[in-house]
Amino acid sequence: MLSGAIRRASAVARPSTFPSFSPRLASPSIVRTIATRTTQFTLNTGAKIPALGFGTFQDADAQEDAVAQCLKAGFRLIDTAQVYHVEDAVGRGVKKSGVPREDVFLATKLWCNKFHPDDVAASLDDSLKALDTPYVDLLLMHYPVVFQRGDEPFPRDANGRMILGKTTYVDTWKAMADLVKSGKVKAIGVSNFSQGEIQTLIDKTDVVPAVHQMEVHPYLQQAKFNEYLRANGIHVVQFSPLGNMNPFYRNTGWSKDIAHTTPPITESKLLKEIGDKYGKTPVQIALAWGINNGRSVIPKSVVDWQIEQNLAADFELDPADIEKISTMDQKLRFNDPSADYEYRLYSDLEGIEGTKDGKTH
Ligand SMILES: NC(=O)c1ccc[n+]([C@@H]2O[C@H](COP(=O)([O-])OP(=O)(O)OC[C@H]3O[C@@H](n4cnc5c(N)ncnc54)[C@H](OP(=O)(O)O)[C@@H]3O)[C@@H](O)[C@H]2O)c1
């Protein structure tokens, strides 16, 4: 279902230098020696989660080698999902890397057609089988939207409209909480929730998510929501940390018009200017910005030089530079499938105006 978006790694040549790095601006006398860190954050379960992670959405054929490569290079957090249809490739990639399973923080997501409480445990078992592992470090509820129960991931009526299920995300959450006792899941969290929806989970179940995975990048900073999550002990994992670098959301129609005209992160003048000071690329500055704000980031790439570049993105940024990046916040949400999913996502959050009626699957 995602095949239209696939681009092969082999089609992308390794450039002789990183494309957006300008050596002429980075004279050796003014560029500092930057220590690359391996930051970890502590979840409300007490477990550690790496700051720097690896996304696996798209390019299914390339993921086995990409995951193996990224782990060998030093990544220790892998983000995947049932609906990406890459869990088996991810599992093979982990094995191929030779990195012991216990050294990897592996996260996957339950998909919306498996949210009925009676389906949750079996769905996790399917993920574990595909990933070829006895447990995951984190299981996320992918969206707060419940689709019709069954094996069709995108159940639609005769008019192509999504058919929603009858249970609620609170029922799903309770079933997920039960899974922690089984030892097959070390921590549970959510993704794409509004503040109100997270508060509902806490009020109705007393089980606070360990993680909220959500869209955050310099163009969509969500400062207030991040404050709320921090105050509640919920760790943020930024998806699409490179903003509008992934064309998938424009092509599906999930991004509003402005996403088509906003310069990509690699072309941001401010990020380039800051990057020159550190001898880093705009991409690395965008990732470091997330980490320096206490969040994990999970850039996706199946291109070897990009994977290496992204791995060198955990370093200390001056507070003054973090402050400068805050001026880039345009509340631009690029990933909003509300219209397609027949459910108003992010209802109390920034960047939902002008959602387009796109359809992906
Ligand atoms: N929970 C959710 O609903 C949700 C939604 C979206 C994403 N995610 C997760 O977040 C991950 C990342 O999200 P994303 O793919 O939307 O956005 P992203 O990681 O911000 O952007 C990916 C795009 O940036 C390119 N790229 C990566 N590193 C680069 C570099 N160093 N220089 C230049 N270009 C670079 C990639 O190129 P190539 O394609 O050539 O590698 C790809 O086109 C996903 O893989 C998935 O695991 C979760």
# chains A, B, ... in the order shown; residues from 1 in each chain; ligands from 1

$ closest_atom_pairs --of "chain A" --to "ligand 1" --cutoff "8 Å" --atoms "only C-alpha atoms and all ligand atoms" --output "tab-separated table"
residue	atom	partner	partner_atom_place_in_ligand_line	distance
A:Arg7	CA	ligand 1	39 (O)	6.6
A:Arg8	CA	ligand 1	40 (O)	7.8
A:Ala9	CA	ligand 1	40 (O)	6.6
A:Val12	CA	ligand 1	40 (O)	6.9
A:Phe18	CA	ligand 1	32 (N)	7.7
A:Pro19	CA	ligand 1	32 (N)	7.7
A:Phe54	CA	ligand 1	47 (O)	6.8
A:Gly55	CA	ligand 1	45 (O)	3.3
A:Thr56	CA	ligand 1	45 (O)	4.0
A:Phe57	CA	ligand 1	45 (O)	3.7
A:Gln58	CA	ligand 1	45 (O)	6.9
A:Asp59	CA	ligand 1	39 (O)	7.8
A:Ile78	CA	ligand 1	47 (O)	7.8
A:Asp79	CA	ligand 1	47 (O)	4.8
A:Thr80	CA	ligand 1	47 (O)	5.2
A:Ala81	CA	ligand 1	47 (O)	7.3
A:Lys109	CA	ligand 1	1 (N)	7.9
A:His142	CA	ligand 1	1 (N)	5.7
A:Tyr143	CA	ligand 1	3 (O)	6.9
A:Ser191	CA	ligand 1	1 (N)	5.2
A:Asn192	CA	ligand 1	3 (O)	6.1
A:Gln213	CA	ligand 1	1 (N)	5.7
A:Met214	CA	ligand 1	1 (N)	6.1
A:Glu215	CA	ligand 1	5 (C)	7.1
A:His217	CA	ligand 1	20 (O)	8.0
A:Gln238	CA	ligand 1	10 (O)	7.2
A:Phe239	CA	ligand 1	10 (O)	3.9
A:Ser240	CA	ligand 1	17 (O)	3.3
A:Pro241	CA	ligand 1	20 (O)	4.1
A:Leu242	CA	ligand 1	20 (O)	3.3
A:Gly243	CA	ligand 1	20 (O)	5.2
A:Asn244	CA	ligand 1	20 (O)	6.9
A:Met245	CA	ligand 1	24 (O)	4.5
A:Asn246	CA	ligand 1	43 (O)	4.0
A:Pro247	CA	ligand 1	43 (O)	6.5
A:Phe248	CA	ligand 1	16 (O)	7.6
A:Tyr249	CA	ligand 1	16 (O)	7.8
A:Thr266	CA	ligand 1	33 (C)	6.7
A:Val283	CA	ligand 1	31 (N)	5.6
A:Gln284	CA	ligand 1	31 (N)	7.1
A:Ile298	CA	ligand 1	11 (C)	5.3
A:Pro299	CA	ligand 1	19 (O)	3.3
A:Lys300	CA	ligand 1	19 (O)	3.9
A:Ser301	CA	ligand 1	41 (O)	3.1
A:Val302	CA	ligand 1	41 (O)	4.3
A:Val303	CA	ligand 1	41 (O)	5.2
A:Trp305	CA	ligand 1	31 (N)	7.3
A:Gln306	CA	ligand 1	31 (N)	3.9
A:Ile307	CA	ligand 1	28 (N)	6.5
A:Glu308	CA	ligand 1	31 (N)	7.8
A:Gln309	CA	ligand 1	31 (N)	5.3
A:Asn310	CA	ligand 1	31 (N)	5.3
A:Asn335	CA	ligand 1	5 (C)	7.1

$ select_by_dssp --residues "segment 238-310 of chain A" --states "alpha helix (DSSP H)" --output "ChimeraX atom specification"
/A:248-252,258-261,269-278,282-292,304-310

$ residues_around --residues "Leu349 of chain A" --least-positions-apart "3" --cutoff "8 Å" --atoms "only C-alpha atoms" --output "list in words"
Ser194, Gln195, Gln222, Phe225, Tyr346 and Ile352 of chain A

$ closest_residue --among "A:Gly98, A:Lys324, A:Leu43, A:Val170" --to "Asp203 of chain A" --atoms "only C-alpha atoms"
A:Val170

$ atom_distance --atom1 "atom CA of Ala51 of chain A" --atom2 "atom CA of Phe75 of chain A"
9.6 Å

$ select_by_dssp --residues "segment 4-165 of chain A" --states "strand (DSSP E)" --output "ChimeraX atom specification"
/A:40-42,48-50,54-55,77-79,105-110,138-141

$ write_last_selection --atoms "N, CA and C atoms" --output "mmCIF file, in the first residue's frame"
data_model
loop_
_atom_site.group_PDB
_atom_site.id
_atom_site.type_symbol
_atom_site.label_atom_id
_atom_site.label_comp_id
_atom_site.auth_asym_id
_atom_site.auth_seq_id
_atom_site.Cartn_x
_atom_site.Cartn_y
_atom_site.Cartn_z
ATOM 1 N N GLN A 40 21.324 9.547 26.171
ATOM 2 C CA GLN A 40 20.156 8.698 26.457
ATOM 3 C C GLN A 40 19.235 9.481 27.386
ATOM 4 N N PHE A 41 17.952 9.252 27.268
ATOM 5 C CA PHE A 41 16.990 9.855 28.192
ATOM 6 C C PHE A 41 16.358 8.733 29.013
ATOM 7 N N THR A 42 15.819 9.121 30.170
ATOM 8 C CA THR A 42 15.190 8.117 31.044
ATOM 9 C C THR A 42 13.672 8.225 30.927
ATOM 10 N N LYS A 48 16.109 3.387 29.813
ATOM 11 C CA LYS A 48 16.781 4.416 29.017
ATOM 12 C C LYS A 48 16.351 4.293 27.558
ATOM 13 N N ILE A 49 16.216 5.459 26.913
ATOM 14 C CA ILE A 49 15.940 5.483 25.472
ATOM 15 C C ILE A 49 16.999 6.372 24.811
ATOM 16 N N PRO A 50 17.619 5.901 23.729
ATOM 17 C CA PRO A 50 18.601 6.748 23.045
ATOM 18 C C PRO A 50 17.959 8.009 22.472
ATOM 19 N N PHE A 54 16.399 5.691 14.486
ATOM 20 C CA PHE A 54 16.386 5.401 13.053
ATOM 21 C C PHE A 54 14.968 5.028 12.630
ATOM 22 N N GLY A 55 14.395 5.799 11.682
ATOM 23 C CA GLY A 55 13.041 5.532 11.201
ATOM 24 C C GLY A 55 13.041 4.530 10.063
ATOM 25 N N LEU A 77 18.496 2.945 18.569
ATOM 26 C CA LEU A 77 17.030 3.028 18.655
ATOM 27 C C LEU A 77 16.461 2.847 17.262
ATOM 28 N N ILE A 78 15.601 1.836 17.106
ATOM 29 C CA ILE A 78 14.953 1.587 15.816
ATOM 30 C C ILE A 78 13.453 1.774 15.991
ATOM 31 N N ASP A 79 12.867 2.599 15.121
ATOM 32 C CA ASP A 79 11.421 2.822 15.157
ATOM 33 C C ASP A 79 10.782 2.157 13.948
ATOM 34 N N PHE A 105 17.238 -0.597 21.362
ATOM 35 C CA PHE A 105 15.906 -0.170 21.818
ATOM 36 C C PHE A 105 14.992 -0.257 20.599
ATOM 37 N N LEU A 106 14.089 -1.235 20.629
ATOM 38 C CA LEU A 106 13.249 -1.528 19.468
ATOM 39 C C LEU A 106 11.802 -1.117 19.764
ATOM 40 N N ALA A 107 11.287 -0.238 18.913
ATOM 41 C CA ALA A 107 9.911 0.250 19.115
ATOM 42 C C ALA A 107 9.056 -0.101 17.907
ATOM 43 N N THR A 108 7.830 -0.565 18.157
ATOM 44 C CA THR A 108 6.895 -0.752 17.049
ATOM 45 C C THR A 108 5.529 -0.189 17.438
ATOM 46 N N LYS A 109 4.584 -0.233 16.471
ATOM 47 C CA LYS A 109 3.279 0.409 16.703
ATOM 48 C C LYS A 109 2.145 -0.521 16.277
ATOM 49 N N LEU A 110 1.125 -0.476 17.106
ATOM 50 C CA LEU A 110 -0.101 -1.228 16.840
ATOM 51 C C LEU A 110 -0.923 -0.427 15.834
ATOM 52 N N LEU A 138 9.290 -0.846 23.304
ATOM 53 C CA LEU A 138 8.214 0.154 23.328
ATOM 54 C C LEU A 138 7.151 -0.244 22.315
ATOM 55 N N LEU A 139 5.901 -0.226 22.773
ATOM 56 C CA LEU A 139 4.772 -0.428 21.850
ATOM 57 C C LEU A 139 3.932 0.838 21.884
ATOM 58 N N LEU A 140 3.706 1.410 20.697
ATOM 59 C CA LEU A 140 2.934 2.651 20.609
ATOM 60 C C LEU A 140 1.581 2.387 19.964
ATOM 61 N N MET A 141 0.558 3.131 20.420
ATOM 62 C CA MET A 141 -0.709 3.152 19.708
ATOM 63 C C MET A 141 -0.516 4.169 18.577
#

$ closest_residue --among "A:Phe154, A:Val236, A:Gly91, A:Tyr219" --to "Gly189 of chain A" --atoms "only C-alpha atoms"
A:Val236

$ closest_residue --among "A:His260, A:Leu271, A:Ala313, A:Asn293" --to "Leu332 of chain A" --atoms "only C-alpha atoms"
A:His260

$ atom_distance --atom1 "atom CA of Lys95 of chain A" --atom2 "atom CA of Phe115 of chain A"
29.4 Å

$ residues_around --residues "segment 230-233 of chain A" --least-positions-apart "4" --cutoff "10 Å" --atoms "only C-alpha atoms" --output "VMD selection string"
chain A and resid 42 to 45 199 202 208 to 211 224 to 226 294 to 295

$ write_last_selection --atoms "N, CA and C atoms" --output "CSV table (one decimal), in the first residue's frame"
chain,number,residue,atom,x,y,z
A,42,THR,N,15.8,9.1,30.2
A,42,THR,CA,15.2,8.1,31.0
A,42,THR,C,13.7,8.2,30.9
A,43,LEU,N,13.0,7.1,30.6
A,43,LEU,CA,11.6,7.1,30.5
A,43,LEU,C,11.0,7.0,31.9
A,44,ASN,N,9.6,7.2,32.0
A,44,ASN,CA,9.0,7.1,33.3
A,44,ASN,C,8.9,5.7,33.8
A,45,THR,N,9.4,4.7,33.1
A,45,THR,CA,9.5,3.4,33.5
A,45,THR,C,10.8,3.1,34.2
A,199,GLN,N,-4.7,13.5,28.1
A,199,GLN,CA,-5.2,13.7,29.4
A,199,GLN,C,-6.4,12.7,29.7
A,202,ILE,N,-4.9,9.5,30.9
A,202,ILE,CA,-4.4,9.6,32.2
A,202,ILE,C,-5.6,9.6,33.2
A,208,VAL,N,0.2,6.5,32.7
A,208,VAL,CA,0.7,7.6,31.9
A,208,VAL,C,1.6,7.0,30.8
A,209,PRO,N,1.4,7.4,29.6
A,209,PRO,CA,2.3,6.9,28.5
A,209,PRO,C,3.7,7.2,28.8
A,210,ALA,N,4.6,6.3,28.4
A,210,ALA,CA,6.1,6.6,28.6
A,210,ALA,C,6.5,7.5,27.5
A,211,VAL,N,5.9,7.4,26.4
A,211,VAL,CA,6.4,8.2,25.2
A,211,VAL,C,5.2,8.8,24.4
A,224,LYS,N,4.3,24.6,23.6
A,224,LYS,CA,3.4,24.5,24.8
A,224,LYS,C,3.0,23.0,25.0
A,225,PHE,N,2.8,22.3,24.0
A,225,PHE,CA,2.4,20.9,24.1
A,225,PHE,C,3.6,20.1,24.7
A,226,ASN,N,4.8,20.5,24.2
A,226,ASN,CA,6.0,19.8,24.7
A,226,ASN,C,6.2,20.1,26.2
A,294,GLY,N,15.8,17.9,24.8
A,294,GLY,CA,15.4,16.7,25.6
A,294,GLY,C,14.5,15.7,24.9
A,295,ARG,N,14.5,15.7,23.6
A,295,ARG,CA,13.7,14.8,22.8
A,295,ARG,C,14.5,13.8,22.0

$ residues_around --residues "Lys166 of chain A" --least-positions-apart "2" --cutoff "10 Å" --atoms "only C-alpha atoms" --output "list in words"
Phe115, His116, Val146, Phe147, Gln148, Arg149, Ile163, Leu164 and Thr168 of chain A

$ write_last_selection --atoms "C-alpha atoms" --output "tab-separated table (two decimals), in the first residue's frame"
chain	number	residue	atom	x	y	z
A	115	PHE	CA	-7.45	-1.63	18.43
A	116	HIS	CA	-10.30	-3.79	19.72
A	146	VAL	CA	-10.09	3.19	15.80
A	147	PHE	CA	-10.74	1.57	12.42
A	148	GLN	CA	-13.20	-1.27	11.83
A	149	ARG	CA	-11.95	-4.49	13.36
A	163	ILE	CA	-15.04	2.73	8.31
A	164	LEU	CA	-14.40	3.45	11.96
A	168	THR	CA	-12.28	3.67	21.81

$ closest_residue --among "A:Pro337, A:Gly351, A:Gly160, A:Gly275" --to "Leu317 of chain A" --atoms "only C-alpha atoms"
A:Gly275
